[in-house]
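Structure file data-v1.pdb with PDB, C-alpha atoms:
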```pdb
ATOM      1  CA  MET A   1      30.147   9.487  16.972
ATOM      2  CA  THR A   2      32.815   6.940  16.034
ATOM      3  CA  SER A   3      32.536   5.537  12.507
ATOM      4  CA  THR A   4      33.962   2.157  13.534
ATOM      5  CA  TRP A   5      31.111   0.962  15.696
ATOM      6  CA  THR A   6      31.195  -2.682  16.790
ATOM      7  CA  ALA A   7      29.183  -4.896  19.108
ATOM      8  CA  ASP A   8      31.808  -4.305  21.787
ATOM      9  CA  LEU A   9      30.351  -0.792  22.151
ATOM     10  CA  ILE A  10      26.910  -2.043  23.185
ATOM     11  CA  PRO A  11      26.391  -0.774  26.740
ATOM     12  CA  ASP A  12      25.600  -3.142  29.580
ATOM     13  CA  SER A  13      21.956  -4.077  29.102
ATOM     14  CA  THR A  14      21.245  -5.906  32.329
ATOM     15  CA  GLY A  15      17.613  -5.479  33.306
ATOM     16  CA  LYS A  16      16.469  -4.479  29.824
ATOM     17  CA  VAL A  17      13.838  -6.435  27.928
ATOM     18  CA  ILE A  18      14.192  -6.611  24.156
ATOM     19  CA  ILE A  19      12.022  -8.267  21.505
ATOM     20  CA  VAL A  20      13.635  -9.393  18.256
ATOM     21  CA  THR A  21      11.256 -10.635  15.584
ATOM     22  CA  GLY A  22      12.632 -13.220  13.183
ATOM     23  CA  ALA A  23      15.400 -14.047  15.654
ATOM     24  CA  ASN A  24      15.845 -17.641  14.508
ATOM     25  CA  SER A  25      18.310 -16.843  11.710
ATOM     26  CA  GLY A  26      20.379 -14.207   9.957
ATOM     27  CA  ILE A  27      20.757 -10.741  11.379
ATOM     28  CA  GLY A  28      17.934 -11.298  13.866
ATOM     29  CA  PHE A  29      19.750 -14.217  15.458
ATOM     30  CA  GLU A  30      23.089 -12.405  15.507
ATOM     31  CA  ALA A  31      21.482  -9.336  17.079
ATOM     32  CA  ALA A  32      19.799 -11.480  19.730
ATOM     33  CA  VAL A  33      23.111 -13.165  20.608
ATOM     34  CA  GLU A  34      24.886  -9.852  21.155
ATOM     35  CA  LEU A  35      22.046  -8.357  23.171
ATOM     36  CA  ALA A  36      21.920 -11.443  25.369
ATOM     37  CA  ARG A  37      25.695 -11.291  25.759
ATOM     38  CA  LYS A  38      25.274  -7.780  27.192
ATOM     39  CA  GLY A  39      22.748  -8.954  29.785
ATOM     40  CA  ALA A  40      19.392  -8.147  28.201
ATOM     41  CA  THR A  41      16.415 -10.447  28.463
ATOM     42  CA  VAL A  42      15.790 -11.244  24.807
ATOM     43  CA  ILE A  43      12.388 -12.369  23.570
ATOM     44  CA  LEU A  44      12.660 -14.370  20.362
ATOM     45  CA  GLY A  45       9.546 -13.957  18.224
ATOM     46  CA  CYS A  46       9.578 -16.589  15.486
ATOM     47  CA  ARG A  47       7.361 -18.845  13.409
ATOM     48  CA  PRO A  48       6.868 -21.661  14.297
ATOM     49  CA  LEU A  49       7.553 -21.897  18.029
ATOM     50  CA  SER A  50      10.070 -24.684  17.429
ATOM     51  CA  ARG A  51      12.329 -22.267  15.564
ATOM     52  CA  ALA A  52      12.236 -19.809  18.444
ATOM     53  CA  GLN A  53      13.108 -22.625  20.844
ATOM     54  CA  GLU A  54      15.971 -23.809  18.644
ATOM     55  CA  ALA A  55      17.286 -20.245  18.457
ATOM     56  CA  ARG A  56      17.107 -19.942  22.242
ATOM     57  CA  ASP A  57      19.094 -23.164  22.626
ATOM     58  CA  ARG A  58      21.735 -21.952  20.157
ATOM     59  CA  ILE A  59      22.028 -18.660  22.032
ATOM     60  CA  LEU A  60      22.493 -20.531  25.310
ATOM     61  CA  SER A  61      25.237 -22.614  23.711
ATOM     62  CA  LYS A  62      27.081 -19.385  22.876
ATOM     63  CA  VAL A  63      26.128 -17.401  25.991
ATOM     64  CA  PRO A  64      25.362 -19.885  28.800
ATOM     65  CA  GLU A  65      24.205 -17.148  31.170
ATOM     66  CA  ALA A  66      21.817 -15.676  28.587
ATOM     67  CA  ARG A  67      18.237 -14.795  29.444
ATOM     68  CA  ALA A  68      16.342 -15.725  26.296
ATOM     69  CA  GLU A  69      12.678 -16.584  25.902
ATOM     70  CA  ALA A  70      10.945 -18.206  22.945
ATOM     71  CA  LEU A  71       7.511 -17.026  21.844
ATOM     72  CA  GLU A  72       5.611 -17.896  18.698
ATOM     73  CA  LEU A  73       4.974 -15.004  16.327
ATOM     74  CA  ASP A  74       3.547 -15.281  12.825
ATOM     75  CA  LEU A  75       3.473 -11.830  11.256
ATOM     76  CA  ALA A  76       1.355 -13.199   8.414
ATOM     77  CA  ASP A  77      -1.510 -13.786  10.851
ATOM     78  CA  LEU A  78      -2.848 -10.875  12.904
ATOM     79  CA  ALA A  79      -4.407 -13.302  15.381
ATOM     80  CA  SER A  80      -0.905 -14.647  16.086
ATOM     81  CA  VAL A  81       0.406 -11.088  16.457
ATOM     82  CA  ARG A  82      -2.302 -10.389  19.029
ATOM     83  CA  ARG A  83      -1.539 -13.599  20.942
ATOM     84  CA  PHE A  84       2.163 -12.795  21.018
ATOM     85  CA  ALA A  85       1.539  -9.270  22.282
ATOM     86  CA  ALA A  86      -0.902 -10.451  24.961
ATOM     87  CA  GLU A  87       1.502 -13.150  26.163
ATOM     88  CA  PHE A  88       4.367 -10.686  26.295
ATOM     89  CA  VAL A  89       2.363  -8.056  28.196
ATOM     90  CA  ASP A  90       1.198 -10.685  30.692
ATOM     91  CA  GLY A  91       4.783 -11.705  31.407
ATOM     92  CA  HIS A  92       6.713  -8.435  31.274
ATOM     93  CA  SER A  93       6.246  -5.024  32.847
ATOM     94  CA  ARG A  94       8.685  -3.208  30.532
ATOM     95  CA  LEU A  95       9.843  -3.193  26.909
ATOM     96  CA  ASP A  96      13.085  -1.370  26.227
ATOM     97  CA  VAL A  97      13.520  -2.239  22.556
ATOM     98  CA  LEU A  98      11.217  -3.676  19.937
ATOM     99  CA  ALA A  99      13.360  -4.769  16.990
ATOM    100  CA  ASN A 100      11.055  -5.219  13.996
ATOM    101  CA  ASN A 101      13.472  -7.407  12.076
ATOM    102  CA  ALA A 102      11.547 -10.286  10.494
ATOM    103  CA  GLY A 103      10.674 -10.152   6.830
ATOM    104  CA  ILE A 104      10.425 -11.846   3.477
ATOM    105  CA  MET A 105      11.982 -10.718   0.222
ATOM    106  CA  MET A 106      10.887 -10.825  -3.409
ATOM    107  CA  VAL A 107       8.508 -13.747  -3.108
ATOM    108  CA  PRO A 108       5.932 -14.742  -5.730
ATOM    109  CA  PHE A 109       2.517 -13.192  -5.243
ATOM    110  CA  GLY A 110       0.732 -14.527  -2.193
ATOM    111  CA  LYS A 111      -1.553 -13.435   0.598
ATOM    112  CA  THR A 112      -1.378 -13.502   4.359
ATOM    113  CA  THR A 113      -4.024 -15.138   6.523
ATOM    114  CA  ASP A 114      -5.845 -11.807   6.617
ATOM    115  CA  GLY A 115      -5.776 -11.355   2.838
ATOM    116  CA  PHE A 116      -2.907  -8.866   2.550
ATOM    117  CA  GLU A 117      -0.253  -9.087  -0.160
ATOM    118  CA  SER A 118       2.371 -11.117   1.654
ATOM    119  CA  GLN A 119       5.384  -8.787   1.535
ATOM    120  CA  PHE A 120       3.418  -5.696   2.530
ATOM    121  CA  GLY A 121       1.448  -7.719   5.057
ATOM    122  CA  ILE A 122       4.428  -9.274   6.821
ATOM    123  CA  ASN A 123       7.117  -6.632   6.425
ATOM    124  CA  HIS A 124       4.923  -3.626   7.219
ATOM    125  CA  LEU A 125       1.419  -4.398   8.480
ATOM    126  CA  GLY A 126       2.447  -7.197  10.847
ATOM    127  CA  HIS A 127       5.057  -4.991  12.487
ATOM    128  CA  PHE A 128       2.739  -1.962  12.491
ATOM    129  CA  ALA A 129       0.165  -4.023  14.398
ATOM    130  CA  LEU A 130       2.753  -5.483  16.770
ATOM    131  CA  THR A 131       4.156  -2.058  17.640
ATOM    132  CA  GLY A 132       0.690  -0.678  18.285
ATOM    133  CA  LEU A 133      -0.280  -3.608  20.499
ATOM    134  CA  LEU A 134       2.906  -3.171  22.545
ATOM    135  CA  LEU A 135       2.723   0.612  22.653
ATOM    136  CA  GLY A 136       1.609   0.684  26.273
ATOM    137  CA  ARG A 137       4.693  -1.166  27.474
ATOM    138  CA  LEU A 138       6.942   0.959  25.268
ATOM    139  CA  LEU A 139       5.549   4.231  26.605
ATOM    140  CA  GLU A 140       5.821   2.967  30.188
ATOM    141  CA  THR A 141       9.531   2.187  29.736
ATOM    142  CA  PRO A 142      11.892   5.183  29.937
ATOM    143  CA  GLY A 143      14.030   5.568  26.838
ATOM    144  CA  SER A 144      12.350   2.754  24.916
ATOM    145  CA  ARG A 145      13.060   2.289  21.213
ATOM    146  CA  VAL A 146      11.343   0.860  18.160
ATOM    147  CA  VAL A 147      13.888  -0.247  15.557
ATOM    148  CA  THR A 148      12.515  -1.293  12.181
ATOM    149  CA  VAL A 149      14.680  -2.994   9.578
ATOM    150  CA  SER A 150      14.359  -1.552   6.084
ATOM    151  CA  SER A 151      16.562  -1.945   2.999
ATOM    152  CA  THR A 152      18.290   0.045   0.293
ATOM    153  CA  ALA A 153      15.565  -1.504  -1.882
ATOM    154  CA  HIS A 154      13.181   1.124  -0.475
ATOM    155  CA  ARG A 155      14.519   3.297  -3.294
ATOM    156  CA  MET A 156      12.754   1.134  -5.872
ATOM    157  CA  GLY A 157       9.474   1.262  -3.969
ATOM    158  CA  ALA A 158       6.533   3.571  -4.573
ATOM    159  CA  MET A 159       3.254   4.006  -2.718
ATOM    160  CA  ASP A 160       0.107   3.559  -4.784
ATOM    161  CA  PHE A 161      -2.848   3.802  -2.440
ATOM    162  CA  ASP A 162      -5.216   2.854  -5.267
ATOM    163  CA  ASN A 163      -3.369  -0.445  -5.726
ATOM    164  CA  LEU A 164      -1.561  -0.772  -2.415
ATOM    165  CA  MET A 165      -1.416  -4.556  -2.349
ATOM    166  CA  PHE A 166      -1.564  -5.102  -6.094
ATOM    167  CA  GLU A 167      -5.204  -6.075  -5.929
ATOM    168  CA  ASN A 168      -5.585  -4.507  -9.358
ATOM    169  CA  GLY A 169      -2.609  -6.353 -10.811
ATOM    170  CA  HIS A 170       0.866  -5.214 -11.977
ATOM    171  CA  TYR A 171       2.565  -7.289  -9.255
ATOM    172  CA  SER A 172       6.277  -7.914  -9.343
ATOM    173  CA  PRO A 173       8.298  -9.365  -6.456
ATOM    174  CA  GLY A 174      10.826  -6.514  -6.561
ATOM    175  CA  ARG A 175       8.234  -3.763  -6.756
ATOM    176  CA  ALA A 176       6.295  -5.229  -3.833
ATOM    177  CA  TYR A 177       9.428  -5.689  -1.742
ATOM    178  CA  GLY A 178      10.552  -2.121  -2.395
ATOM    179  CA  ARG A 179       7.120  -0.824  -1.402
ATOM    180  CA  SER A 180       7.190  -2.756   1.861
ATOM    181  CA  LYS A 181      10.646  -1.444   2.721
ATOM    182  CA  LEU A 182       9.602   2.105   1.860
ATOM    183  CA  ALA A 183       6.632   1.600   4.182
ATOM    184  CA  ASN A 184       9.019   0.575   6.964
ATOM    185  CA  LEU A 185      10.807   3.913   6.711
ATOM    186  CA  MET A 186       7.643   5.979   6.362
ATOM    187  CA  PHE A 187       6.295   4.249   9.469
ATOM    188  CA  THR A 188       9.505   4.921  11.403
ATOM    189  CA  TYR A 189       9.616   8.622  10.590
ATOM    190  CA  GLU A 190       5.901   9.109  11.245
ATOM    191  CA  LEU A 191       6.145   7.223  14.545
ATOM    192  CA  GLN A 192       8.958   9.537  15.634
ATOM    193  CA  ARG A 193       6.936  12.602  14.666
ATOM    194  CA  ARG A 194       4.089  11.305  16.804
ATOM    195  CA  PHE A 195       6.428  10.575  19.700
ATOM    196  CA  ASP A 196       7.682  14.159  19.430
ATOM    197  CA  ARG A 197       4.193  15.675  19.348
ATOM    198  CA  ALA A 198       3.190  13.617  22.374
ATOM    199  CA  SER A 199       6.396  14.658  24.208
ATOM    200  CA  VAL A 200       7.272  11.080  25.113
ATOM    201  CA  GLY A 201      10.826   9.864  25.501
ATOM    202  CA  SER A 202      10.569   6.862  23.188
ATOM    203  CA  LEU A 203      12.584   6.743  19.962
ATOM    204  CA  ALA A 204      11.774   5.344  16.532
ATOM    205  CA  LEU A 205      14.757   4.391  14.386
ATOM    206  CA  ALA A 206      15.455   2.328  11.284
ATOM    207  CA  ALA A 207      18.356   0.260  10.021
ATOM    208  CA  HIS A 208      19.398  -1.759   7.014
ATOM    209  CA  PRO A 209      21.994  -4.543   6.833
ATOM    210  CA  GLY A 210      23.551  -3.825   3.452
ATOM    211  CA  TRP A 211      24.511  -6.872   1.396
ATOM    212  CA  SER A 212      24.641  -9.609   3.993
ATOM    213  CA  HIS A 213      24.807 -13.362   3.653
ATOM    214  CA  THR A 214      21.509 -14.539   5.149
ATOM    215  CA  ASN A 215      18.665 -16.803   4.066
ATOM    216  CA  LEU A 216      16.385 -13.848   3.292
ATOM    217  CA  SER A 217      17.056 -14.271  -0.431
ATOM    218  CA  ARG A 218      16.104 -17.943  -0.457
ATOM    219  CA  HIS A 219      13.006 -17.142  -2.521
ATOM    220  CA  LEU A 220      15.270 -16.026  -5.368
ATOM    221  CA  ASP A 221      16.863 -19.456  -5.726
ATOM    222  CA  ASN A 222      15.005 -20.392  -8.884
ATOM    223  CA  ARG A 223      15.439 -17.064 -10.626
ATOM    224  CA  ARG A 224      18.035 -16.543 -13.343
ATOM    225  CA  PHE A 225      19.330 -13.444 -11.580
ATOM    226  CA  ALA A 226      19.887 -15.387  -8.384
ATOM    227  CA  ARG A 227      21.811 -18.078 -10.238
ATOM    228  CA  LEU A 228      24.050 -15.408 -11.708
ATOM    229  CA  VAL A 229      24.731 -13.465  -8.521
ATOM    230  CA  GLY A 230      24.644 -16.366  -6.072
ATOM    231  CA  PRO A 231      28.384 -17.112  -6.294
ATOM    232  CA  ALA A 232      29.160 -13.392  -5.866
ATOM    233  CA  THR A 233      26.897 -13.242  -2.828
ATOM    234  CA  ARG A 234      28.663 -16.168  -1.225
ATOM    235  CA  ARG A 235      32.060 -14.629  -1.950
ATOM    236  CA  PHE A 236      31.562 -10.930  -1.318
ATOM    237  CA  ALA A 237      28.544 -10.426   0.957
ATOM    238  CA  GLN A 238      29.377  -9.524   4.523
ATOM    239  CA  SER A 239      28.478 -11.849   7.357
ATOM    240  CA  ALA A 240      25.134 -11.814   9.106
ATOM    241  CA  ALA A 241      26.985 -10.660  12.229
ATOM    242  CA  MET A 242      28.199  -7.561  10.381
ATOM    243  CA  GLY A 243      24.760  -7.073   8.878
ATOM    244  CA  ALA A 244      23.275  -7.017  12.373
ATOM    245  CA  LEU A 245      25.409  -4.072  13.507
ATOM    246  CA  PRO A 246      23.164  -1.283  12.141
ATOM    247  CA  THR A 247      20.210  -2.756  14.031
ATOM    248  CA  LEU A 248      22.286  -3.125  17.168
ATOM    249  CA  ARG A 249      23.564   0.435  16.969
ATOM    250  CA  ALA A 250      20.045   1.801  16.490
ATOM    251  CA  ALA A 251      18.875  -0.279  19.439
ATOM    252  CA  THR A 252      21.639   0.550  21.899
ATOM    253  CA  ASP A 253      23.827   3.535  20.997
ATOM    254  CA  PRO A 254      23.389   6.108  23.801
ATOM    255  CA  GLU A 255      23.935   8.900  21.251
ATOM    256  CA  ALA A 256      21.148   7.757  18.942
ATOM    257  CA  VAL A 257      18.509  10.323  18.007
ATOM    258  CA  GLY A 258      14.966   9.458  17.023
ATOM    259  CA  GLY A 259      14.289   9.332  13.300
ATOM    260  CA  ARG A 260      17.796   8.244  12.353
ATOM    261  CA  TYR A 261      18.472   5.527   9.796
ATOM    262  CA  TYR A 262      21.582   3.362  10.171
ATOM    263  CA  GLY A 263      23.392   1.378   7.495
ATOM    264  CA  PRO A 264      26.907   0.224   6.538
ATOM    265  CA  ASP A 265      29.543   2.853   5.798
ATOM    266  CA  GLY A 266      31.088   1.106   2.795
ATOM    267  CA  PHE A 267      30.594   1.515  -0.937
ATOM    268  CA  ILE A 268      26.902   2.207  -1.738
ATOM    269  CA  GLU A 269      26.084   1.087   1.807
ATOM    270  CA  GLN A 270      26.558  -2.589   1.007
ATOM    271  CA  ALA A 271      29.093  -3.475   3.702
ATOM    272  CA  GLY A 272      30.954  -1.976   6.601
ATOM    273  CA  HIS A 273      30.358  -0.561  10.041
ATOM    274  CA  PRO A 274      27.107   1.214  10.929
ATOM    275  CA  VAL A 275      26.686   4.948  10.479
ATOM    276  CA  VAL A 276      23.760   7.285   9.957
ATOM    277  CA  VAL A 277      22.649   7.083   6.316
ATOM    278  CA  ASP A 278      20.065   8.841   4.159
ATOM    279  CA  SER A 279      16.840   7.557   2.677
ATOM    280  CA  ASN A 280      15.017   8.787  -0.397
ATOM    281  CA  ARG A 281      12.645  11.719  -0.682
ATOM    282  CA  ALA A 282       9.539   9.529  -0.811
ATOM    283  CA  SER A 283      10.309   8.117   2.635
ATOM    284  CA  HIS A 284      10.058  11.640   4.101
ATOM    285  CA  GLU A 285       6.734  12.617   2.516
ATOM    286  CA  GLU A 286       4.656  13.444   5.576
ATOM    287  CA  GLU A 287       1.230  13.527   3.934
ATOM    288  CA  ALA A 288       1.778  10.103   2.378
ATOM    289  CA  ALA A 289       3.051   8.787   5.706
ATOM    290  CA  ARG A 290      -0.093   9.980   7.469
ATOM    291  CA  GLN A 291      -2.207   8.315   4.811
ATOM    292  CA  LEU A 292      -0.222   5.091   5.179
ATOM    293  CA  TRP A 293      -0.710   5.259   8.949
ATOM    294  CA  ASP A 294      -4.482   5.679   8.638
ATOM    295  CA  VAL A 295      -4.739   2.892   6.081
ATOM    296  CA  SER A 296      -2.606   0.620   8.268
ATOM    297  CA  GLU A 297      -4.810   1.215  11.296
ATOM    298  CA  GLY A 298      -7.867   0.443   9.209
ATOM    299  CA  LEU A 299      -6.451  -2.736   7.699
ATOM    300  CA  THR A 300      -5.052  -4.167  10.928
ATOM    301  CA  GLY A 301      -7.728  -2.933  13.323
ATOM    302  CA  VAL A 302      -4.941  -1.730  15.611
ATOM    303  CA  SER A 303      -5.287   1.864  16.771
ATOM    304  CA  TYR A 304      -2.470   3.703  18.482
ATOM    305  CA  GLY A 305      -5.063   5.768  20.335
ATOM    306  CA  ARG A 306      -5.198   9.409  21.240
ATOM    307  CA  SER A 307      -1.787   9.330  22.882
ATOM    308  CA  LEU A 308      -0.180   9.176  19.426
ATOM    309  CA  SER A 309      -2.883  10.646  17.205
TER     310      SER A 309
END
```
Have the structure of the file written as structure tokens, please.
Amino acid sequence: MTSTWTADLIPDSTGKVIIVTGANSGIGFEAAVELARKGATVILGCRPLSRAQEARDRILSKVPEARAEALELDLADLASVRRFAAEFVDGHSRLDVLANNAGIMMVPFGKTTDGFESQFGINHLGHFALTGLLLGRLLETPGSRVVTVSSTAHRMGAMDFDNLMFENGHYSPGRAYGRSKLANLMFTYELQRRFDRASVGSLALAAHPGWSHTNLSRHLDNRRFARLVGPATRRFAQSAAMGALPTLRAATDPEAVGGRYYGPDGFIEQAGHPVVVDSNRASHEEEAARQLWDVSEGLTGVSYGRSLS
């Protein structure tokens, strides 16, 4: 594998159908542009619908021949996740890539429509439910992939199944964010193990963007730390286009292997071109991952069925 991987290496994707959640800005938008440029039909899942439509129009301004569709998706509302999945399945007979990209970072304590702590609910449970609801299309599509965006912040996360969503207190924005990003990796690795046991050809992969200049950190604007590092972020963070490359490589590299995790190749994985990177020991704990899977099915009401038991 070359270590200098760029968007120019994305294979022709004509005929492929790809969902990108949170495609209205940041790395999601940049990934959608490049996938559309390579001929894929890109489904933009955003909240509200107007943002998805605006993103589609911006993509068309950059790639006039693009095939891009706007659908409303609110990962903080499982009813919206179900509507999105049903609308997609009604309109498409295949799903080549599901890019679970959308997320929030280090927000004050809050709850989703369904009563979940917001970071865990959106970053993990919303995508867990979406993947399960689209599983049929994924398994019907040869070589399909599920790419879930995590973060180096997974290293500061820890699973506590007795206080999973901080219902018993001790909430901090950073702790909750780290837990949600750890959950993303545990889900990815467990999904690949289940793909392997079921002998299906689908792949589960993860990616992280490093230190990229996006609006994901907007919730930090009023924090002292953000005021201190904000100028450094603006000066030194890599572009959203560079931050999108690990996701794009995981989604399209013909040499990709299920269960891999892609991130930048630079100093402490903060910038650079995408390569396979490591995640912490907790992300590979299989018993905890199975417990997370069972809890996630129970909380969302979305079962992956016997095909991936």
Exercise for review: Name the closest residue to Gly178 in chain A among the candidates A:Leu71, A:Ile268, A:Val107, A:Val295; distances are taken between atoms, counting all atoms listed in the file.
Suggested key: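 Of A:Leu71, A:Ile268, A:Val107, A:Val295, the one nearest Gly178 in chain A, counting all atoms listed in the file, is A:Val107.
Run against this file, the PyMOL selection byres ((chain A and resi 187) around 10) gives back His124, Leu125, His127, Phe128, Thr148, Lys181, Leu182, Ala183, Asn184, Leu185, Met186, Thr188, Tyr189, Glu190, Leu191, Gln192, Arg193, Ala204, Leu205, Ala206, Ser283, His284, Ala289, Arg290, Leu292, Trp293 and Ser296 of chain A.
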Practice item. Quick one: everything within 12 Å of Gly305 in chain A, counting all atoms listed in the file, minus sequence neighbours fewer than 6 positions away in the same chain. Send it as number ranges by chain. Key: A: 132-133, 135-136, 194, 198, 294, 297
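With distances restricted to all atoms listed in the file, A:Leu248 is the closest residue to Leu9 in chain A from A:Leu203, A:Met159, A:Leu248, A:Ala52.
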**Study point:** Near-Ala76 in chain A list (12 Å; all atoms listed in the file; drop same-chain fewer than 4 positions) as a PyMOL selection string
**Key:** chain A and resi 46-48+80-82+102-104+110-127+129-130+300
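When CA of Arg94 in chain A is paired with CA of Arg51 in chain A, their separation reads 24.5 Å.
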Exercise for review: Run the PyMOL selection byres ((chain A and resi 253) around 12) on the file and write out the hits as JSON, numbers by chain.
Suggested key: {"A": [1, 2, 5, 6, 7, 8, 9, 10, 11, 12, 13, 97, 143, 145, 147, 203, 205, 245, 246, 247, 248, 249, 250, 251, 252, 254, 255, 256, 257, 258, 260, 262, 274, 275, 276]}
Could you complete range 152-166 of chain A so that it carries N, CA and C atoms, and give it back as a compact mmCIF listing (two decimals), in the frame of the given file?
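What landed in result.txt:
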```txt
# COMPACT_ATOMS: atom_id res chain seq x y z
N THR A 152 18.02 -0.90 1.37
CA THR A 152 18.29 0.04 0.29
C THR A 152 17.28 -0.13 -0.83
N ALA A 153 16.60 -1.26 -0.86
CA ALA A 153 15.56 -1.50 -1.88
C ALA A 153 14.36 -0.58 -1.72
N HIS A 154 14.29 0.17 -0.61
CA HIS A 154 13.18 1.12 -0.48
C HIS A 154 13.20 2.13 -1.62
N ARG A 155 14.39 2.32 -2.22
CA ARG A 155 14.52 3.30 -3.29
C ARG A 155 13.80 2.86 -4.57
N MET A 156 13.50 1.58 -4.70
CA MET A 156 12.75 1.13 -5.87
C MET A 156 11.27 0.94 -5.55
N GLY A 157 10.87 1.37 -4.36
CA GLY A 157 9.47 1.26 -3.97
C GLY A 157 8.71 2.55 -4.23
N ALA A 158 7.40 2.41 -4.40
CA ALA A 158 6.53 3.57 -4.57
C ALA A 158 5.17 3.24 -3.98
N MET A 159 4.58 4.20 -3.27
CA MET A 159 3.25 4.01 -2.72
C MET A 159 2.20 4.27 -3.79
N ASP A 160 1.26 3.37 -3.90
CA ASP A 160 0.11 3.56 -4.78
C ASP A 160 -1.11 3.15 -3.97
N PHE A 161 -1.76 4.12 -3.36
CA PHE A 161 -2.85 3.80 -2.44
C PHE A 161 -4.09 3.30 -3.17
N ASP A 162 -4.11 3.42 -4.49
CA ASP A 162 -5.22 2.85 -5.27
C ASP A 162 -4.96 1.40 -5.65
N ASN A 163 -3.73 0.94 -5.41
CA ASN A 163 -3.37 -0.44 -5.73
C ASN A 163 -2.31 -0.91 -4.74
N LEU A 164 -2.58 -0.64 -3.46
CA LEU A 164 -1.56 -0.77 -2.42
C LEU A 164 -1.00 -2.18 -2.33
N MET A 165 -1.86 -3.17 -2.45
CA MET A 165 -1.42 -4.56 -2.35
C MET A 165 -1.61 -5.31 -3.65
N PHE A 166 -1.53 -4.53 -4.75
CA PHE A 166 -1.56 -5.10 -6.09
C PHE A 166 -2.85 -5.88 -6.35
```
